[in-house]
Structure formats: structure tokens, C-alpha cells
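Chemist: Handing over structure.cif, mmCIF, C-alpha atoms.
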```cif
data_query
loop_
_atom_site.label_atom_id
_atom_site.label_comp_id
_atom_site.auth_asym_id
_atom_site.auth_seq_id
_atom_site.Cartn_x
_atom_site.Cartn_y
_atom_site.Cartn_z
CA MET A 1 0.00 0.00 0.00
CA LYS A 2 1.26 3.46 -0.81
CA THR A 3 1.48 5.67 2.24
CA ARG A 4 2.17 9.33 1.93
CA PHE A 5 4.28 11.31 4.38
CA LEU A 6 6.21 8.30 5.66
CA LEU A 7 9.98 7.90 5.47
CA PRO A 8 11.64 4.55 4.72
CA TYR A 9 12.12 2.06 7.55
CA LYS A 10 15.91 2.42 7.50
CA TYR A 11 15.68 5.89 9.10
CA LYS A 12 13.96 4.51 12.20
CA ILE A 13 17.23 3.41 13.80
CA TRP A 14 18.51 6.99 13.42
CA GLY A 15 15.42 8.15 15.25
CA TRP A 16 16.44 6.11 18.29
CA ILE A 17 20.11 7.05 18.00
CA ILE A 18 19.22 10.75 17.99
CA PHE A 19 16.19 10.74 20.29
CA VAL A 20 17.54 8.80 23.29
CA PRO A 21 20.79 10.69 24.03
CA PHE A 22 19.47 14.14 23.16
CA SER A 23 16.31 13.81 25.22
CA ILE A 24 18.44 12.75 28.21
CA LEU A 25 20.72 15.76 27.58
CA GLY A 26 17.60 17.90 27.17
CA ILE A 27 16.30 16.93 30.58
CA ILE A 28 19.73 17.65 32.09
CA GLY A 29 19.76 20.96 30.20
CA ILE A 30 16.42 22.05 31.63
CA SER A 31 17.21 21.16 35.24
CA GLY A 32 20.84 22.25 35.28
CA ASN A 33 23.01 24.35 33.06
CA LEU A 34 24.31 22.86 29.86
CA ASP A 35 25.74 25.94 28.17
CA PHE A 36 29.08 25.68 26.36
CA ASP A 37 31.01 28.92 25.90
CA PHE A 38 31.86 28.25 22.26
CA LEU A 39 28.15 28.17 21.47
CA ASP A 40 27.73 31.81 22.50
CA ILE A 41 26.99 33.64 19.26
CA GLU A 42 24.96 36.48 17.86
CA VAL A 43 21.71 35.32 16.33
CA PRO A 44 18.81 37.13 14.66
CA SER A 45 15.81 37.34 16.95
CA LEU A 46 12.48 37.80 15.22
CA LEU A 47 10.73 39.21 18.25
CA HIS A 48 12.83 40.58 21.06
CA ASN A 49 11.72 41.56 24.55
CA GLY A 50 8.22 40.96 23.41
CA ILE A 51 7.00 39.12 26.43
CA GLY A 52 6.31 41.55 29.28
CA ILE A 53 6.74 39.03 32.07
CA PHE A 54 10.52 39.07 31.71
CA GLU A 55 10.53 42.82 31.98
CA ASP A 56 8.98 42.90 35.42
CA GLY A 57 5.67 44.45 34.66
CA SER A 58 6.81 46.74 31.88
CA ASP A 59 4.36 47.02 29.04
CA SER A 60 4.95 45.23 25.80
CA GLU A 61 5.32 48.35 23.64
CA ASN A 62 9.10 48.20 23.83
CA PHE A 63 9.55 45.02 21.84
CA VAL A 64 11.61 45.02 18.70
CA LEU A 65 10.63 43.03 15.63
CA PHE A 66 14.09 42.12 14.37
CA LYS A 67 17.31 42.36 16.32
CA MET A 68 20.68 40.63 16.59
CA VAL A 69 21.05 39.22 20.09
CA ASN A 70 23.64 37.23 22.03
CA ASN A 71 22.51 33.74 22.76
CA ASN A 72 23.91 30.37 23.79
CA LEU A 73 22.89 27.86 21.15
CA ALA A 74 22.95 24.80 23.45
CA ASN A 75 19.22 24.68 24.14
CA GLU A 76 18.32 25.40 20.50
CA ILE A 77 20.51 22.52 19.30
CA LEU A 78 19.08 20.19 21.95
CA GLY A 79 15.52 21.18 21.05
CA ILE A 80 16.09 20.64 17.34
CA MET A 81 17.82 17.27 17.83
CA VAL A 82 15.00 15.98 20.08
CA LEU A 83 12.53 17.17 17.44
CA ILE A 84 14.42 15.38 14.65
CA GLY A 85 14.48 12.20 16.76
CA CYS A 86 10.74 12.46 17.43
CA VAL A 87 9.95 13.10 13.77
CA LEU A 88 12.06 10.13 12.60
CA LEU A 89 10.43 7.79 15.12
CA THR A 90 6.94 9.02 14.29
CA PHE A 91 7.12 9.31 10.52
CA THR A 92 9.07 6.23 9.47
CA LYS A 93 7.47 3.12 8.06
CA GLN A 94 7.37 -0.16 9.92
CA LYS A 95 9.38 -2.97 8.37
CA ASP A 96 6.12 -4.54 7.11
CA GLU A 97 3.99 -1.44 6.66
CA ASP A 98 0.57 -2.22 5.17
CA GLU A 99 -3.02 -1.01 5.46
CA PHE A 100 -3.65 -2.67 8.83
CA ILE A 101 -0.56 -1.00 10.33
CA ALA A 102 -1.65 2.29 8.72
CA LYS A 103 -4.95 1.96 10.60
CA LYS A 104 -3.13 1.24 13.88
CA ARG A 105 -0.91 4.25 13.19
CA LEU A 106 -3.92 6.53 12.80
CA GLU A 107 -5.54 5.12 15.94
CA SER A 108 -2.37 5.88 17.91
CA LEU A 109 -2.18 9.38 16.45
CA LEU A 110 -5.80 10.03 17.42
CA TRP A 111 -5.19 8.72 20.92
CA ALA A 112 -2.01 10.79 21.31
CA THR A 113 -3.75 13.98 20.16
CA PHE A 114 -6.63 13.37 22.55
CA VAL A 115 -4.44 12.62 25.58
CA ASN A 116 -2.21 15.56 24.69
CA SER A 117 -5.27 17.83 24.78
CA ILE A 118 -6.11 16.58 28.27
CA LEU A 119 -2.51 17.23 29.36
CA LEU A 120 -2.64 20.73 27.88
CA PHE A 121 -5.91 21.39 29.70
CA LEU A 122 -4.36 20.26 32.99
CA CYS A 123 -1.28 22.41 32.37
CA LEU A 124 -3.48 25.43 31.70
CA ILE A 125 -5.30 25.13 34.99
CA LEU A 126 -2.49 23.83 37.21
CA PHE A 127 0.60 25.86 36.26
CA TYR A 128 1.04 29.62 36.31
CA ASP A 129 3.56 32.27 35.32
CA ILE A 130 7.07 31.07 34.43
CA ASN A 131 6.26 27.52 35.62
CA PHE A 132 3.66 27.32 32.88
CA PHE A 133 6.29 28.06 30.23
CA ASN A 134 8.67 25.50 31.73
CA VAL A 135 5.99 22.82 31.63
CA MET A 136 5.08 23.85 28.08
CA ILE A 137 8.59 22.85 26.94
CA PHE A 138 7.58 19.23 27.67
CA ASN A 139 4.23 19.80 26.02
CA LEU A 140 6.02 20.68 22.76
CA TYR A 141 7.16 17.07 22.48
CA SER A 142 4.47 15.23 24.42
CA ILE A 143 2.27 14.52 21.39
CA PHE A 144 5.19 12.73 19.69
CA ILE A 145 6.13 10.80 22.82
CA LEU A 146 2.52 9.76 23.49
CA PHE A 147 2.21 8.57 19.88
CA ILE A 148 5.52 6.67 19.96
CA VAL A 149 4.65 4.88 23.22
CA HIS A 150 1.11 3.97 22.11
CA PHE A 151 2.04 2.90 18.58
CA TYR A 152 5.07 0.80 19.51
CA LEU A 153 3.15 -0.91 22.33
CA SER A 154 0.28 -1.74 19.99
CA MET A 155 2.76 -3.11 17.42
CA ARG A 156 4.28 -5.28 20.13
CA LYS A 157 0.84 -6.52 21.18
CA ILE A 158 -0.03 -7.44 17.58
CA LYS A 159 3.24 -9.34 17.14
CA ARG A 160 2.65 -11.22 20.40
CA GLU A 161 -0.78 -12.34 19.21
CA LEU A 162 0.95 -14.21 16.41
CA GLU A 163 2.84 -16.49 18.78
CA MET B 164 -18.58 -8.66 9.54
CA LYS B 165 -17.72 -12.35 9.39
CA ASN B 166 -15.21 -13.88 7.04
CA SER B 167 -14.09 -17.33 5.96
CA ILE B 168 -10.45 -16.54 5.26
CA LYS B 169 -9.27 -19.28 7.61
CA VAL B 170 -11.49 -21.85 5.86
CA GLN B 171 -10.46 -20.71 2.40
CA ARG B 172 -6.85 -20.82 3.49
CA ALA B 173 -7.33 -24.40 4.72
CA ILE B 174 -8.90 -25.39 1.37
CA LYS B 175 -5.88 -23.98 -0.45
CA ASN B 176 -3.62 -25.50 2.21
CA ILE B 177 -1.46 -22.39 2.74
CA THR B 178 -0.11 -20.83 5.92
CA GLN B 179 -0.83 -17.30 7.15
CA GLN B 180 2.71 -16.36 6.18
CA THR B 181 2.36 -17.67 2.63
CA LEU B 182 -0.99 -15.96 2.16
CA ALA B 183 0.48 -12.71 3.51
CA GLU B 184 3.34 -12.88 1.00
CA MET B 185 0.99 -13.73 -1.88
CA ILE B 186 -1.20 -10.67 -1.39
CA GLY B 187 1.55 -8.34 -0.16
CA VAL B 188 0.60 -7.69 3.46
CA SER B 189 2.12 -8.61 6.82
CA ARG B 190 1.24 -11.79 8.67
CA GLN B 191 -0.31 -9.80 11.51
CA THR B 192 -2.82 -8.37 9.02
CA ILE B 193 -3.95 -11.88 7.99
CA ASN B 194 -4.17 -12.86 11.65
CA ALA B 195 -6.20 -9.74 12.56
CA MET B 196 -8.59 -10.36 9.64
CA GLU B 197 -9.11 -14.01 10.59
CA LYS B 198 -9.87 -12.99 14.16
CA GLY B 199 -12.37 -10.42 12.90
CA LYS B 200 -10.34 -7.54 14.34
CA TYR B 201 -9.67 -5.88 11.02
CA VAL B 202 -11.91 -5.28 8.02
CA PRO B 203 -9.70 -5.11 4.92
CA SER B 204 -9.90 -2.53 2.18
CA THR B 205 -11.74 -3.31 -1.05
CA VAL B 206 -8.40 -3.79 -2.80
CA LEU B 207 -7.33 -6.44 -0.31
CA ALA B 208 -10.76 -8.13 -0.39
CA LEU B 209 -10.57 -8.38 -4.19
CA LYS B 210 -7.04 -9.77 -3.99
CA LEU B 211 -8.24 -12.47 -1.59
CA SER B 212 -11.20 -13.22 -3.84
CA SER B 213 -9.00 -13.61 -6.89
CA LEU B 214 -6.49 -15.76 -5.02
CA PHE B 215 -9.10 -18.08 -3.50
CA GLU B 216 -11.04 -18.08 -6.80
CA VAL B 217 -14.35 -17.40 -5.07
CA PRO B 218 -16.60 -14.31 -5.12
CA VAL B 219 -15.96 -11.67 -2.46
CA ASP B 220 -19.30 -12.30 -0.78
CA GLU B 221 -18.34 -15.92 -0.23
CA ILE B 222 -15.40 -14.81 1.84
CA PHE B 223 -17.01 -11.85 3.61
CA GLU B 224 -20.48 -11.82 5.07
CA LEU B 225 -22.37 -8.99 6.72
CA GLU B 226 -23.70 -9.45 10.24
CA ASP B 227 -26.77 -7.86 11.86
CA SER B 228 -24.55 -5.42 13.73
CA ASP B 229 -23.11 -3.99 10.50
#
```
Is it possible to express this structure as C-alpha cells?

Modeler:
Amino acid sequence: MKTRFLLPYKYKIWGWIIFVPFSILGIIGISGNLDFDFLDIEVPSLLHNGIGIFEDGSDSENFVLFKMVNNNLANEILGIMVLIGCVLLTFTKQKDEDEFIAKKRLESLLWATFVNSILLFLCLILFYDINFFNVMIFNLYSIFILFIVHFYLSMRKIKRELE
Amino acid sequence: MKNSIKVQRAIKNITQQTLAEMIGVSRQTINAMEKGKYVPSTVLALKLSSLFEVPVDEIFELEDSD
């Protein structure tokens, strides 16, 4: 069966190779400090000082639309690598991809989107101020992680039924 | 929906694995269909029909709940 938007199976292993170490580093990076001096560079910022909460109550009229700013790239690199890992694990074919697996894939995606909505709802009512933004970092990836867990467990269950 | 894939497979004397390879799906798909857990696409139903040399409605049968 032809499936659109899916990468070949051979990329799946790269998904694991990238996802596992970088998500561990990511968690370390959030809790501690994982900045490396050589990653300090000037980068273009599309919207600078736009969010008033960092400015201690100052109004948001002072934001600048485009500005070069100093930034440590460590968290950007970590974020992108975790994203690449998630995308490879989510959007690669199974070894024996067919219409039944495509159906299971869609079921897992539906489930993940639904559970992610519940998580987002809980985050909205349980976390405030800067804590909300910290929790939202996890929420950026939670839909992928929920999908990966649900889909791979259902694949394992199906394979077990064969024995 | 009920189906007689298992019976038809027995008549032809082929394993789930062989049938899967013949119609280009995985073995778990054949297993799920035989257990009634998966309703195949029209394409797959027609492939089964042509392989077993029987009409589609001899393999698949509607139930009251459908």
C-alpha cells in the first residue's frame, strides 16, 4: 500500500540514535546548566523583549521586531535534535507497513492527540507564570512521545498475538 | 462482519505467512482479519477473492450489527 508522508524504515534506527541521548541531555539541560562557551553567538531574533513578564511588569510596547542578540545555542541545538528524533520515530514506516498498520498508526495518532489535549488542559489550569512556560517545553514534544509509546506498544501486542 | 479466510486458506492449504506474501501484506494483518479484528480494504478483499477463486461475498459476510 502506498502511504504518503512516511519515510523509509531504514531511518527509524537513526530516530532512536538521535532521540535517546538528546532527550536525556535535554532533561539535564532544563534542570541544570548545559551551556558551552563556544556556542555563545549572535543570532537574529524575530521578536525581542516581546514578552512583558521578563521585563517585570513593563508594558509590551518596547519590543523590537528584528534584532541581533547574544545567545547560547545549546538549548536550540538540543531542542532541534530531540525534534528530529521524534519526527524520525513518528514518521518512518514499519518494516512490514501495510493497510492494517496504517490503521493502527492513525488510531495511535488520534489517541495521542486526545491525551495531549487533556494534558494541555491540565497544564493550563495547574501551572502559572514562568512555571507554565517550563511545563510547556515538555508539552512541545508530548504529542510525539505519546504517539511513539502507544504505537510501539500496539505493534508489540499485535506481534505477540501471532505467537 | 464475518469472514471465511481461515477456511479458504485451509482449502488452499497455505499458511498465514504464505498468504500474507501472496497478497503483499504482513502476517499480523492476515491474523487480525481471521480474528475479525480488522476489516480489509476493497483492494485487499478483491485480492483475496482472486487468489481463492471465489466471489468476495463468499469470503465476507455482513452481520446484523453492521

Chemist: Give me the result of the PyMOL selection byres ((chain A) within 10 of (chain B)) on this file, residue by residue, as a VMD selection string.

Modeler: chain A and resid 1 95 to 101 103 155 158 to 162

Chemist: Report as a list in words the full result of the PyMOL selection byres ((chain B and resi 208) around 10) when it is applied to this structure.

Modeler: Ile186, Val202, Pro203, Ser204, Thr205, Val206, Leu207, Leu209, Lys210, Leu211, Ser212, Ser213, Leu214, Pro218, Val219, Asp220, Ile222 and Phe223 of chain B

Chemist: Just to confirm, what's the straight-line distance from CA of Arg4 (chain A) to CA of Ile118 (chain A) in Å (one decimal)?

Modeler: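 Between CA of Arg4 (chain A) and CA of Ile118 (chain A) the gap is 28.5 Å.
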
Chemist: CA of Leu109 (chain A) to CA of Phe147 (chain A): how many Å, to one decimal?

Modeler: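 Distance reported for this atom pair: 5.6 Å.
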
Chemist: Between CA of Glu221 (chain B) and CA of Lys175 (chain B), what distance in Å does the model show, to one decimal?

Modeler: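 Atom-to-atom, CA of Glu221 (chain B) to CA of Lys175 (chain B), that is 14.8 Å.
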
Chemist: Counting all atoms listed in the file, figure out which residue out of A:Ile84, A:Leu106, A:Ile130, A:Leu122 gets nearest to His150 (chain A).

Modeler: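 Checking each candidate against His150 (chain A), we get A:Leu106 as the closest.
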
Chemist: Place a sphere of radius 9 Å on (13.1, 18.1, 20.2) in the file coordinates and name every protein, DNA or RNA residue with an atom inside or on its surface, counting all atoms listed in the file; give the answer as a ChimeraX atom specification.

Modeler: /A:19,22-23,26,76-87,140-141

Chemist: I'd like to see the residues matched by the PyMOL selection byres ((chain A and resi 7) around 8) on this file, and ideally I'd get them as a PyMOL selection string.

Modeler: chain A and resi 5-6+8-9+11+88+91-93

Chemist: Would you compute, for all listed atoms of region 215-224 of chain B, the axis-aligned bounding box grown by 8 Å on each side, and then report its centre and edge lengths in Å rounded to one decimal, as JSON?

Modeler:
```
{"center_x": -14.8, "center_y": -14.9, "center_z": -0.9, "size_x": 27.4, "size_y": 22.4, "size_z": 27.9}
```
